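Chemist: My structure file entry-v4.cif, mmCIF, C-alpha atoms and all ligand atoms, is below:
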```cif
data_structure
loop_
_atom_site.group_PDB
_atom_site.id
_atom_site.type_symbol
_atom_site.label_atom_id
_atom_site.label_comp_id
_atom_site.auth_asym_id
_atom_site.auth_seq_id
_atom_site.Cartn_x
_atom_site.Cartn_y
_atom_site.Cartn_z
ATOM 1 C CA MET A 1 10.106 6.186 -9.556
ATOM 2 C CA ILE A 2 11.491 4.735 -6.330
ATOM 3 C CA VAL A 3 15.087 3.697 -5.864
ATOM 4 C CA VAL A 4 16.143 1.878 -2.705
ATOM 5 C CA GLU A 5 19.896 1.669 -2.138
ATOM 6 C CA ASP A 6 21.545 -0.661 0.343
ATOM 7 C CA LEU A 7 18.744 -0.350 2.886
ATOM 8 C CA HIS A 8 19.193 -1.799 6.363
ATOM 9 C CA LYS A 9 16.706 -2.087 9.207
ATOM 10 C CA HIS A 10 17.952 -3.706 12.365
ATOM 11 C CA PHE A 11 15.897 -4.617 15.418
ATOM 12 C CA GLY A 12 18.572 -4.917 18.081
ATOM 13 C CA GLY A 13 21.045 -7.369 16.599
ATOM 14 C CA PHE A 14 18.522 -8.772 14.129
ATOM 15 C CA HIS A 15 18.820 -7.592 10.518
ATOM 16 C CA ALA A 16 15.235 -7.679 9.194
ATOM 17 C CA VAL A 17 16.296 -5.726 6.077
ATOM 18 C CA ASP A 18 19.907 -6.407 5.334
ATOM 19 C CA GLY A 19 21.218 -4.396 2.414
ATOM 20 C CA ALA A 20 18.187 -4.404 0.096
ATOM 21 C CA SER A 21 18.543 -2.526 -3.199
ATOM 22 C CA LEU A 22 15.761 -2.278 -5.765
ATOM 23 C CA SER A 23 13.983 0.049 -8.189
ATOM 24 C CA ILE A 24 10.278 0.511 -8.796
ATOM 25 C CA ALA A 25 9.456 1.691 -12.315
ATOM 26 C CA GLU A 26 6.813 4.377 -12.723
ATOM 27 C CA GLY A 27 3.573 2.908 -14.052
ATOM 28 C CA SER A 28 4.413 -0.644 -13.002
ATOM 29 C CA ILE A 29 2.562 -3.047 -10.761
ATOM 30 C CA THR A 30 5.550 -4.584 -9.014
ATOM 31 C CA GLY A 31 5.069 -7.742 -6.967
ATOM 32 C CA LEU A 32 7.116 -8.365 -3.840
ATOM 33 C CA ILE A 33 7.310 -12.000 -2.829
ATOM 34 C CA GLY A 34 9.468 -14.127 -0.556
ATOM 35 C CA PRO A 35 9.197 -16.570 2.330
ATOM 36 C CA ASN A 36 7.764 -15.459 5.674
ATOM 37 C CA GLY A 37 10.247 -13.354 7.597
ATOM 38 C CA ALA A 38 12.047 -12.230 4.409
ATOM 39 C CA GLY A 39 11.697 -8.582 5.446
ATOM 40 C CA LYS A 40 9.008 -7.526 2.941
ATOM 41 C CA THR A 41 6.716 -5.743 5.416
ATOM 42 C CA THR A 42 9.664 -4.110 7.172
ATOM 43 C CA LEU A 43 10.939 -2.842 3.816
ATOM 44 C CA PHE A 44 7.462 -1.418 3.085
ATOM 45 C CA ASN A 45 7.346 0.260 6.475
ATOM 46 C CA VAL A 46 10.748 1.870 6.031
ATOM 47 C CA ILE A 47 9.944 3.159 2.513
ATOM 48 C CA ALA A 48 6.558 4.482 3.706
ATOM 49 C CA GLY A 49 8.086 6.320 6.668
ATOM 50 C CA VAL A 50 6.483 4.126 9.330
ATOM 51 C CA LEU A 51 9.893 2.910 10.565
ATOM 52 C CA PRO A 52 13.186 4.798 10.382
ATOM 53 C CA PRO A 53 15.930 2.938 8.485
ATOM 54 C CA THR A 54 19.151 1.927 10.214
ATOM 55 C CA SER A 55 21.032 2.986 7.079
ATOM 56 C CA GLY A 56 20.609 3.267 3.329
ATOM 57 C CA ARG A 57 18.765 5.593 0.993
ATOM 58 C CA VAL A 58 15.349 5.857 -0.621
ATOM 59 C CA THR A 59 14.672 8.313 -3.439
ATOM 60 C CA MET A 60 11.450 9.188 -5.235
ATOM 61 C CA LYS A 61 11.995 10.614 -8.716
ATOM 62 C CA GLY A 62 15.524 11.520 -7.673
ATOM 63 C CA GLU A 63 14.506 13.278 -4.448
ATOM 64 C CA ASP A 64 15.855 11.868 -1.201
ATOM 65 C CA ILE A 65 12.845 10.736 0.878
ATOM 66 C CA THR A 66 14.749 8.554 3.366
ATOM 67 C CA GLY A 67 13.082 8.607 6.764
ATOM 68 C CA LEU A 68 10.428 11.206 5.886
ATOM 69 C CA PRO A 69 7.315 10.863 8.058
ATOM 70 C CA PRO A 70 4.181 9.325 6.475
ATOM 71 C CA HIS A 71 2.295 12.645 6.195
ATOM 72 C CA GLU A 72 5.083 14.200 4.119
ATOM 73 C CA LEU A 73 5.185 11.144 1.876
ATOM 74 C CA PHE A 74 1.391 11.308 1.673
ATOM 75 C CA ASP A 75 1.687 14.857 0.312
ATOM 76 C CA LYS A 76 4.064 13.530 -2.351
ATOM 77 C CA GLY A 77 1.525 10.880 -3.338
ATOM 78 C CA LEU A 78 3.284 7.924 -1.684
ATOM 79 C CA LEU A 79 0.757 5.887 0.298
ATOM 80 C CA ARG A 80 0.838 2.647 2.192
ATOM 81 C CA THR A 81 -2.557 1.089 2.842
ATOM 82 C CA PHE A 82 -3.447 0.149 6.395
ATOM 83 C CA GLN A 83 -6.145 -1.977 7.881
ATOM 84 C CA ILE A 84 -9.182 0.058 8.887
ATOM 85 C CA ALA A 85 -8.352 1.184 12.423
ATOM 86 C CA HIS A 86 -10.629 0.041 15.215
ATOM 87 C CA GLU A 87 -11.961 3.540 15.854
ATOM 88 C CA PHE A 88 -13.199 3.792 12.271
ATOM 89 C CA SER A 89 -15.047 0.484 12.301
ATOM 90 C CA SER A 90 -18.245 2.004 13.689
ATOM 91 C CA MET A 91 -18.308 4.625 10.937
ATOM 92 C CA THR A 92 -19.928 3.901 7.602
ATOM 93 C CA VAL A 93 -17.971 3.042 4.493
ATOM 94 C CA ARG A 94 -18.705 6.443 2.988
ATOM 95 C CA GLU A 95 -17.721 8.267 6.194
ATOM 96 C CA ASN A 96 -14.448 6.340 6.215
ATOM 97 C CA LEU A 97 -13.651 7.631 2.745
ATOM 98 C CA MET A 98 -14.527 11.170 3.741
ATOM 99 C CA MET A 99 -12.166 11.001 6.746
ATOM 100 C CA VAL A 100 -9.095 10.809 4.520
ATOM 101 C CA PRO A 101 -7.001 13.891 5.274
ATOM 102 C CA GLY A 102 -6.908 16.512 2.591
ATOM 103 C CA GLY A 103 -6.505 19.885 4.252
ATOM 104 C CA GLN A 104 -10.187 20.478 4.869
ATOM 105 C CA THR A 105 -11.081 23.954 5.978
ATOM 106 C CA GLY A 106 -13.115 22.870 9.013
ATOM 107 C CA GLU A 107 -10.100 22.142 11.129
ATOM 108 C CA THR A 108 -9.956 25.251 13.273
ATOM 109 C CA LEU A 109 -12.530 27.074 15.313
ATOM 110 C CA TRP A 110 -11.921 30.207 13.283
ATOM 111 C CA ASN A 111 -12.778 28.407 10.098
ATOM 112 C CA THR A 112 -15.763 26.723 11.655
ATOM 113 C CA TRP A 113 -17.275 30.106 12.519
ATOM 114 C CA PHE A 114 -16.291 32.161 9.542
ATOM 115 C CA HIS A 115 -16.235 29.808 6.611
ATOM 116 C CA ARG A 116 -19.324 27.712 7.024
ATOM 117 C CA ALA A 117 -20.311 28.026 3.403
ATOM 118 C CA ARG A 118 -16.856 26.953 2.301
ATOM 119 C CA ILE A 119 -16.963 23.923 4.618
ATOM 120 C CA ARG A 120 -20.336 22.889 3.192
ATOM 121 C CA GLU A 121 -18.897 23.187 -0.289
ATOM 122 C CA GLU A 122 -15.879 21.042 0.615
ATOM 123 C CA GLU A 123 -18.131 18.464 2.221
ATOM 124 C CA ALA A 124 -20.211 18.292 -0.922
ATOM 125 C CA THR A 125 -17.048 17.787 -3.000
ATOM 126 C CA LEU A 126 -15.832 15.058 -0.645
ATOM 127 C CA LEU A 127 -19.215 13.370 -0.741
ATOM 128 C CA LYS A 128 -19.253 13.398 -4.510
ATOM 129 C CA ARG A 129 -15.722 12.034 -4.649
ATOM 130 C CA ALA A 130 -16.542 9.294 -2.116
ATOM 131 C CA ASP A 131 -19.544 8.213 -4.201
ATOM 132 C CA GLU A 132 -17.426 8.097 -7.358
ATOM 133 C CA VAL A 133 -14.841 5.963 -5.552
ATOM 134 C CA LEU A 134 -17.539 3.580 -4.279
ATOM 135 C CA GLU A 135 -18.952 3.209 -7.760
ATOM 136 C CA PHE A 136 -15.495 2.640 -9.265
ATOM 137 C CA LEU A 137 -14.853 -0.136 -6.746
ATOM 138 C CA THR A 138 -18.346 -1.600 -7.249
ATOM 139 C CA ILE A 139 -19.163 -1.304 -3.539
ATOM 140 C CA ASP A 140 -21.667 1.553 -3.759
ATOM 141 C CA HIS A 141 -24.337 -0.754 -2.286
ATOM 142 C CA LEU A 142 -22.233 -0.836 0.921
ATOM 143 C CA LYS A 143 -21.952 2.922 1.401
ATOM 144 C CA ASP A 144 -24.076 3.048 4.559
ATOM 145 C CA GLU A 145 -22.689 -0.171 6.021
ATOM 146 C CA LYS A 146 -20.463 0.128 9.093
ATOM 147 C CA ALA A 147 -16.856 -0.541 8.075
ATOM 148 C CA GLY A 148 -16.526 -3.062 10.914
ATOM 149 C CA ASN A 149 -19.214 -5.256 9.308
ATOM 150 C CA LEU A 150 -17.385 -5.648 5.992
ATOM 151 C CA SER A 151 -15.757 -8.905 4.940
ATOM 152 C CA GLY A 152 -11.964 -9.062 4.673
ATOM 153 C CA GLY A 153 -12.051 -8.468 0.918
ATOM 154 C CA GLN A 154 -14.520 -5.605 1.167
ATOM 155 C CA LYS A 155 -12.252 -3.966 3.756
ATOM 156 C CA LYS A 156 -9.353 -4.270 1.321
ATOM 157 C CA LEU A 157 -11.443 -2.524 -1.329
ATOM 158 C CA LEU A 158 -12.196 0.242 1.161
ATOM 159 C CA GLU A 159 -8.465 0.572 1.943
ATOM 160 C CA LEU A 160 -7.836 0.912 -1.779
ATOM 161 C CA GLY A 161 -10.690 3.406 -1.987
ATOM 162 C CA ARG A 162 -9.049 5.625 0.597
ATOM 163 C CA THR A 163 -6.032 6.019 -1.674
ATOM 164 C CA MET A 164 -8.423 7.262 -4.370
ATOM 165 C CA MET A 165 -9.681 10.110 -2.201
ATOM 166 C CA VAL A 166 -6.307 11.806 -2.636
ATOM 167 C CA ASP A 167 -4.034 12.113 -5.626
ATOM 168 C CA ALA A 168 -1.929 9.052 -5.013
ATOM 169 C CA LYS A 169 0.972 8.314 -7.311
ATOM 170 C CA ILE A 170 2.419 5.182 -5.780
ATOM 171 C CA VAL A 171 0.575 2.809 -3.480
ATOM 172 C CA PHE A 172 2.107 0.073 -1.319
ATOM 173 C CA LEU A 173 -0.345 -2.774 -0.703
ATOM 174 C CA ASP A 174 0.419 -5.379 1.940
ATOM 175 C CA GLU A 175 -1.134 -8.855 1.573
ATOM 176 C CA VAL A 176 -4.219 -8.078 -0.407
ATOM 177 C CA GLY A 177 -5.349 -11.663 -0.606
ATOM 178 C CA ALA A 178 -5.047 -12.861 2.996
ATOM 179 C CA GLY A 179 -8.414 -14.388 3.911
ATOM 180 C CA VAL A 180 -10.140 -12.982 0.831
ATOM 181 C CA ASN A 181 -12.329 -15.207 -1.359
ATOM 182 C CA ARG A 182 -11.450 -15.697 -5.017
ATOM 183 C CA THR A 183 -14.318 -13.583 -6.419
ATOM 184 C CA LEU A 184 -13.437 -10.555 -4.289
ATOM 185 C CA LEU A 185 -9.740 -11.067 -4.958
ATOM 186 C CA ASN A 186 -10.555 -10.790 -8.668
ATOM 187 C CA THR A 187 -12.537 -7.602 -8.012
ATOM 188 C CA ILE A 188 -9.565 -6.157 -6.096
ATOM 189 C CA GLY A 189 -7.260 -7.206 -8.947
ATOM 190 C CA ASP A 190 -9.577 -5.506 -11.484
ATOM 191 C CA ALA A 191 -9.563 -2.292 -9.419
ATOM 192 C CA ILE A 192 -5.759 -2.295 -9.189
ATOM 193 C CA ILE A 193 -5.391 -2.841 -12.937
ATOM 194 C CA ARG A 194 -7.895 -0.066 -13.726
ATOM 195 C CA LEU A 195 -6.225 2.386 -11.310
ATOM 196 C CA ASN A 196 -2.905 1.546 -12.920
ATOM 197 C CA LYS A 197 -4.111 1.923 -16.509
ATOM 198 C CA GLU A 198 -6.667 4.708 -16.172
ATOM 199 C CA ARG A 199 -5.142 6.841 -13.417
ATOM 200 C CA GLY A 200 -1.479 6.024 -13.779
ATOM 201 C CA TYR A 201 -1.026 4.652 -10.247
ATOM 202 C CA THR A 202 2.190 2.748 -9.642
ATOM 203 C CA PHE A 203 1.686 -0.197 -7.275
ATOM 204 C CA VAL A 204 3.958 -2.326 -5.135
ATOM 205 C CA VAL A 205 2.126 -5.393 -3.890
ATOM 206 C CA ILE A 206 3.162 -7.946 -1.273
ATOM 207 C CA GLU A 207 1.155 -11.076 -1.950
ATOM 208 C CA HIS A 208 1.427 -14.813 -1.414
ATOM 209 C CA ASP A 209 -1.215 -15.825 -3.968
ATOM 210 C CA MET A 210 0.815 -16.630 -7.082
ATOM 211 C CA ASP A 211 -2.219 -16.559 -9.415
ATOM 212 C CA PHE A 212 -2.854 -12.991 -8.280
ATOM 213 C CA ILE A 213 0.806 -12.053 -8.747
ATOM 214 C CA ASP A 214 0.834 -13.752 -12.146
ATOM 215 C CA ARG A 215 -2.226 -11.829 -13.327
ATOM 216 C CA LEU A 216 -1.104 -8.403 -12.109
ATOM 217 C CA CYS A 217 2.578 -8.050 -11.516
ATOM 218 C CA ASP A 218 5.490 -7.379 -13.800
ATOM 219 C CA PRO A 219 8.179 -7.318 -12.629
ATOM 220 C CA VAL A 220 8.261 -9.519 -9.552
ATOM 221 C CA ILE A 221 10.949 -9.013 -6.903
ATOM 222 C CA CYS A 222 11.828 -11.862 -4.577
ATOM 223 C CA MET A 223 13.331 -11.178 -1.143
ATOM 224 C CA ALA A 224 14.849 -13.540 1.382
ATOM 225 C CA GLU A 225 16.723 -12.864 4.600
ATOM 226 C CA GLY A 226 16.456 -9.110 4.187
ATOM 227 C CA LYS A 227 17.966 -9.013 0.724
ATOM 228 C CA VAL A 228 16.705 -8.957 -2.850
ATOM 229 C CA LEU A 229 17.358 -12.364 -4.366
ATOM 230 C CA ALA A 230 15.989 -11.940 -7.858
ATOM 231 C CA GLU A 231 13.873 -9.768 -10.117
ATOM 232 C CA GLY A 232 12.064 -10.631 -13.323
ATOM 233 C CA THR A 233 8.815 -12.013 -14.650
ATOM 234 C CA LEU A 234 7.103 -14.533 -12.373
ATOM 235 C CA ALA A 235 8.195 -17.334 -14.719
ATOM 236 C CA GLU A 236 11.817 -16.195 -14.459
ATOM 237 C CA ILE A 237 11.585 -15.876 -10.697
ATOM 238 C CA LYS A 238 10.079 -19.342 -10.348
ATOM 239 C CA ALA A 239 12.939 -20.817 -12.377
ATOM 240 C CA ASN A 240 15.644 -19.018 -10.363
ATOM 241 C CA GLU A 241 17.676 -21.497 -8.324
ATOM 242 C CA HIS A 242 18.315 -19.023 -5.461
ATOM 243 C CA VAL A 243 14.569 -18.435 -5.182
ATOM 244 C CA ILE A 244 13.772 -22.136 -5.164
ATOM 245 C CA GLU A 245 16.402 -22.661 -2.477
ATOM 246 C CA ALA A 246 15.019 -19.819 -0.338
ATOM 247 C CA TYR A 247 11.485 -21.220 -0.453
ATOM 248 C CA LEU A 248 12.540 -24.824 0.132
ATOM 249 C CA GLY A 249 14.760 -23.775 3.020
ATOM 250 C CA THR A 250 11.819 -22.455 5.093
HETATM 251 P P1 LIG B 301 7.823 -10.587 5.840
HETATM 252 O O1 LIG B 301 6.889 -9.455 5.620
HETATM 253 O O2 LIG B 301 8.677 -10.887 4.646
HETATM 254 O O3 LIG B 301 7.148 -11.842 6.354
HETATM 255 P P2 LIG B 301 8.770 -9.018 8.079
HETATM 256 O O4 LIG B 301 9.310 -7.759 7.518
HETATM 257 O O5 LIG B 301 7.409 -8.984 8.665
HETATM 258 O O6 LIG B 301 8.875 -10.170 6.973
HETATM 259 O O7 LIG B 301 9.750 -9.560 9.181
HETATM 260 C C1 LIG B 301 11.137 -9.769 8.953
HETATM 261 C C2 LIG B 301 11.764 -10.240 10.241
HETATM 262 O O8 LIG B 301 11.880 -9.119 11.118
HETATM 263 C C3 LIG B 301 10.978 -11.307 10.971
HETATM 264 O O9 LIG B 301 11.871 -12.283 11.475
HETATM 265 C C4 LIG B 301 10.311 -10.547 12.079
HETATM 266 O O10 LIG B 301 10.116 -11.363 13.213
HETATM 267 C C5 LIG B 301 11.302 -9.422 12.367
HETATM 268 N N1 LIG B 301 10.641 -8.211 12.851
HETATM 269 C C6 LIG B 301 9.709 -7.483 12.202
HETATM 270 N N2 LIG B 301 9.318 -6.417 12.925
HETATM 271 C C7 LIG B 301 10.038 -6.496 14.097
HETATM 272 C C8 LIG B 301 10.102 -5.674 15.273
HETATM 273 N N3 LIG B 301 9.344 -4.572 15.414
HETATM 274 N N4 LIG B 301 10.957 -6.059 16.247
HETATM 275 C C9 LIG B 301 11.721 -7.157 16.111
HETATM 276 N N5 LIG B 301 11.716 -7.960 15.031
HETATM 277 C C10 LIG B 301 10.890 -7.634 14.036
#
```
For this file, write the structure as structure tokens.
Ligand code: ADP
Modeler:
Amino acid sequence: MIVVEDLHKHFGGFHAVDGASLSIAEGSITGLIGPNGAGKTTLFNVIAGVLPPTSGRVTMKGEDITGLPPHELFDKGLLRTFQIAHEFSSMTVRENLMMVPGGQTGETLWNTWFHRARIREEEATLLKRADEVLEFLTIDHLKDEKAGNLSGGQKKLLELGRTMMVDAKIVFLDEVGAGVNRTLLNTIGDAIIRLNKERGYTFVVIEHDMDFIDRLCDPVICMAEGKVLAEGTLAEIKANEHVIEAYLGT
């Protein structure tokens, strides 16, 4: 679904991504692991259009998407989750879901005046969709809670929920497990597996928790020093001498 060819991202003289090549299979939950500073987040940001690449190519189903801005990738169903921005923290969980862009009619003054009925209809659809998402993620009891009051894991579920408000095809998740307790991490894992199986989402997940990776991800790609070191099942990756060296060397 995604092919990355010889991707480079330099910050001044520093090569954060240094010739990374990899493929993401449609329908997979691919894990991306590697020591701190390996270039995983930078790679995500370049694929998702947040950072322009220095050189290299990214294609999605054969179409060149290198350097496209996030909103164009969004329209193609490629999403990268982000932490809930500060300005959304005082809005409720349900309002946060309803804020996801989707070409609502109520954007211009003209529409506001002349298409009130249509706007109400769209709002009702959004509301219904938001409630379905909350139920799917088992956080419907939090719908009126302010997003800023959620725990780290609940915020991650909300981030995942926002991808469900649009027709996502491939979702890039950065560090799902950081500061999240085991029970919620399992709930997040369940949601990812269900979205993958029931809705056909492809996922790419950066995660340090190896139990989580082991439960969800096949294949696993290991990066170090801006390059892809190895790809395979987690067991294969763990047995790879280059991988062991990269982790021991940090
Ligand atoms: P990972 O996600 O694998 O921990 P990152 O992609 O976050 O790795 O970082 C890779 C390297 O690039 C790190 O050494 C980091 O300090 C550096 N880096 C990341 N972003 C920037 C930036 N905006 N400017 C300069 N260096 C950066």
Chemist: Would you mind listing what lies within 12 Å of Thr138 (chain A) as a list of chain:residue names, with all atoms listed in the file counted and same-chain residues fewer than 5 positions away left out?
Modeler: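 Residues meeting the cut-off are A:Asp131, A:Glu132, A:Val133, A:Lys143, A:Gln154, A:Leu157, A:Leu158, A:Gly161, A:Leu184, A:Thr187, A:Ile188, A:Asp190, A:Ala191.
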Chemist: Env of Ile221 (chain A): 12 Å cut, atoms = all atoms listed in the file, seq-sep filter 4 positions within chain, self excluded. Answer as a ChimeraX atom specification.
Modeler: /A:20-24,29-34,38,40,204-207,213,217,227-238,240,243
Chemist: Hey, can you spit out that residue selection with C-alpha atoms as a CSV table (one decimal), in the frame of the given file?
Modeler:
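What ended up in result.csv:
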```csv
chain,number,residue,atom,x,y,z
A,20,ALA,CA,18.2,-4.4,0.1
A,21,SER,CA,18.5,-2.5,-3.2
A,22,LEU,CA,15.8,-2.3,-5.8
A,23,SER,CA,14.0,0.0,-8.2
A,24,ILE,CA,10.3,0.5,-8.8
A,29,ILE,CA,2.6,-3.0,-10.8
A,30,THR,CA,5.6,-4.6,-9.0
A,31,GLY,CA,5.1,-7.7,-7.0
A,32,LEU,CA,7.1,-8.4,-3.8
A,33,ILE,CA,7.3,-12.0,-2.8
A,34,GLY,CA,9.5,-14.1,-0.6
A,38,ALA,CA,12.0,-12.2,4.4
A,40,LYS,CA,9.0,-7.5,2.9
A,204,VAL,CA,4.0,-2.3,-5.1
A,205,VAL,CA,2.1,-5.4,-3.9
A,206,ILE,CA,3.2,-7.9,-1.3
A,207,GLU,CA,1.2,-11.1,-2.0
A,213,ILE,CA,0.8,-12.1,-8.7
A,217,CYS,CA,2.6,-8.0,-11.5
A,227,LYS,CA,18.0,-9.0,0.7
A,228,VAL,CA,16.7,-9.0,-2.8
A,229,LEU,CA,17.4,-12.4,-4.4
A,230,ALA,CA,16.0,-11.9,-7.9
A,231,GLU,CA,13.9,-9.8,-10.1
A,232,GLY,CA,12.1,-10.6,-13.3
A,233,THR,CA,8.8,-12.0,-14.6
A,234,LEU,CA,7.1,-14.5,-12.4
A,235,ALA,CA,8.2,-17.3,-14.7
A,236,GLU,CA,11.8,-16.2,-14.5
A,237,ILE,CA,11.6,-15.9,-10.7
A,238,LYS,CA,10.1,-19.3,-10.3
A,240,ASN,CA,15.6,-19.0,-10.4
A,243,VAL,CA,14.6,-18.4,-5.2
```
Chemist: Name the residues, by chain letter and number, that sit within 7 Å of ligand LIG 301 (chain B) using only C-alpha atoms and all ligand atoms, and give them as number ranges by chain.
Modeler: A: 11, 14, 16, 34-43
Chemist: Output the selection as a compact mmCIF listing (two decimals), in the coordinates of the input - C-alpha atoms for each residue.
Modeler:
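Result went into part_26.txt, see below:
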```txt
# COMPACT_ATOMS: atom_id res chain seq x y z
CA PHE A 11 15.90 -4.62 15.42
CA PHE A 14 18.52 -8.77 14.13
CA ALA A 16 15.24 -7.68 9.19
CA GLY A 34 9.47 -14.13 -0.56
CA PRO A 35 9.20 -16.57 2.33
CA ASN A 36 7.76 -15.46 5.67
CA GLY A 37 10.25 -13.35 7.60
CA ALA A 38 12.05 -12.23 4.41
CA GLY A 39 11.70 -8.58 5.45
CA LYS A 40 9.01 -7.53 2.94
CA THR A 41 6.72 -5.74 5.42
CA THR A 42 9.66 -4.11 7.17
CA LEU A 43 10.94 -2.84 3.82
```
Chemist: Take the PyMOL selection byres (((chain A and resi 52) around 9) and not hetatm), apply it to the structure above, and return the hits as an mmCIF file with C-alpha atoms, keeping the file's coordinate frame.
Modeler:
```cif
data_model
loop_
_atom_site.group_PDB
_atom_site.id
_atom_site.type_symbol
_atom_site.label_atom_id
_atom_site.label_comp_id
_atom_site.auth_asym_id
_atom_site.auth_seq_id
_atom_site.Cartn_x
_atom_site.Cartn_y
_atom_site.Cartn_z
ATOM 1 C CA LYS A 9 16.706 -2.087 9.207
ATOM 2 C CA ASN A 45 7.346 0.260 6.475
ATOM 3 C CA VAL A 46 10.748 1.870 6.031
ATOM 4 C CA ILE A 47 9.944 3.159 2.513
ATOM 5 C CA GLY A 49 8.086 6.320 6.668
ATOM 6 C CA VAL A 50 6.483 4.126 9.330
ATOM 7 C CA LEU A 51 9.893 2.910 10.565
ATOM 8 C CA PRO A 53 15.930 2.938 8.485
ATOM 9 C CA THR A 54 19.151 1.927 10.214
ATOM 10 C CA SER A 55 21.032 2.986 7.079
ATOM 11 C CA THR A 66 14.749 8.554 3.366
ATOM 12 C CA GLY A 67 13.082 8.607 6.764
ATOM 13 C CA LEU A 68 10.428 11.206 5.886
ATOM 14 C CA PRO A 69 7.315 10.863 8.058
#
```
Chemist: Choose the residue, out of A:Gly27, A:Gly152, A:Gly19, A:Gly62, that has the smallest atom-to-atom separation from Thr202 (chain A); count only C-alpha atoms.
Modeler: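 Nearest to Thr202 (chain A): A:Gly27.
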Chemist: Separation of CA of Ala168 (chain A) and CA of Gly153 (chain A), in Å?
Modeler: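 Going from CA of Ala168 (chain A) over to CA of Gly153 (chain A) covers 21.1 Å.
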Chemist: Applied to the shown file, which residues does the PyMOL selection byres (((chain A and resi 164) around 12) and not hetatm) return, written as an NGL selection string?
Modeler: :A and (77 or 79 or 81 or 97-98 or 100-102 or 126 or 129-137 or 157-163 or 165-171 or 191-192 or 194-196 or 199-201)
Chemist: Can you measure CA of Asn96 (chain A) to CA of Lys146 (chain A) for me? One decimal in Å is fine.
Modeler: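 Calculated distance between CA of Asn96 (chain A) and CA of Lys146 (chain A) is 9.1 Å.
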Chemist: Mind pulling up the distance from CA of Ile2 (chain A) to CA of Phe203 (chain A)?
Modeler: 11.0 Å
Chemist: May I ask which of the residues A:His71, A:Ala124, A:Ala85, A:Glu198 is the closest one to Lys155 (chain A), counting all atoms listed in the file?
Modeler: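 Going through A:His71, A:Ala124, A:Ala85, A:Glu198 one by one, the smallest distance to Lys155 (chain A) is for A:Ala85.
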Chemist: As a check of understanding, name the residues that the PyMOL selection byres (((chain A and resi 178) around 9) and not hetatm) selects in the supplied structure, as an MDAnalysis selection string.
Modeler: chainID A and resid 152:153 175:177 179:181 207:209
Chemist: Using all atoms listed in the file, can you tell me which of A:Leu173, A:Leu150, A:Ala246, A:Val4 comes closest to Glu63 (chain A)?
Modeler: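 Nearest to Glu63 (chain A): A:Val4.
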Chemist: Extending 6 Å beyond the listed atoms of region 130-148 of chain A on each side, what axis-aligned box results? I want centre and edge lengths in Å to one decimal, as lines of an AutoDock Vina configuration file.
Modeler:
```
center_x = -19.6
center_y = 3.1
center_z = 0.8
size_x = 21.5
size_y = 24.4
size_z = 32.2
```
Chemist: Find the residues around Met91 (chain A) up to 10 Å (all atoms listed in the file counted), leave out those fewer than 6 positions away in its own chain, and share them as a PDB file with C-alpha atoms, in the frame of the given file.
Modeler:
```pdb
ATOM      1  CA  LEU A  97     -13.651   7.631   2.745  1.00  0.00           C
ATOM      2  CA  MET A  99     -12.166  11.001   6.746  1.00  0.00           C
ATOM      3  CA  ASP A 144     -24.076   3.048   4.559  1.00  0.00           C
ATOM      4  CA  GLU A 145     -22.689  -0.171   6.021  1.00  0.00           C
ATOM      5  CA  LYS A 146     -20.463   0.128   9.093  1.00  0.00           C
ATOM      6  CA  ALA A 147     -16.856  -0.541   8.075  1.00  0.00           C
ATOM      7  CA  GLY A 148     -16.526  -3.062  10.914  1.00  0.00           C
TER       8      GLY A 148
END
```
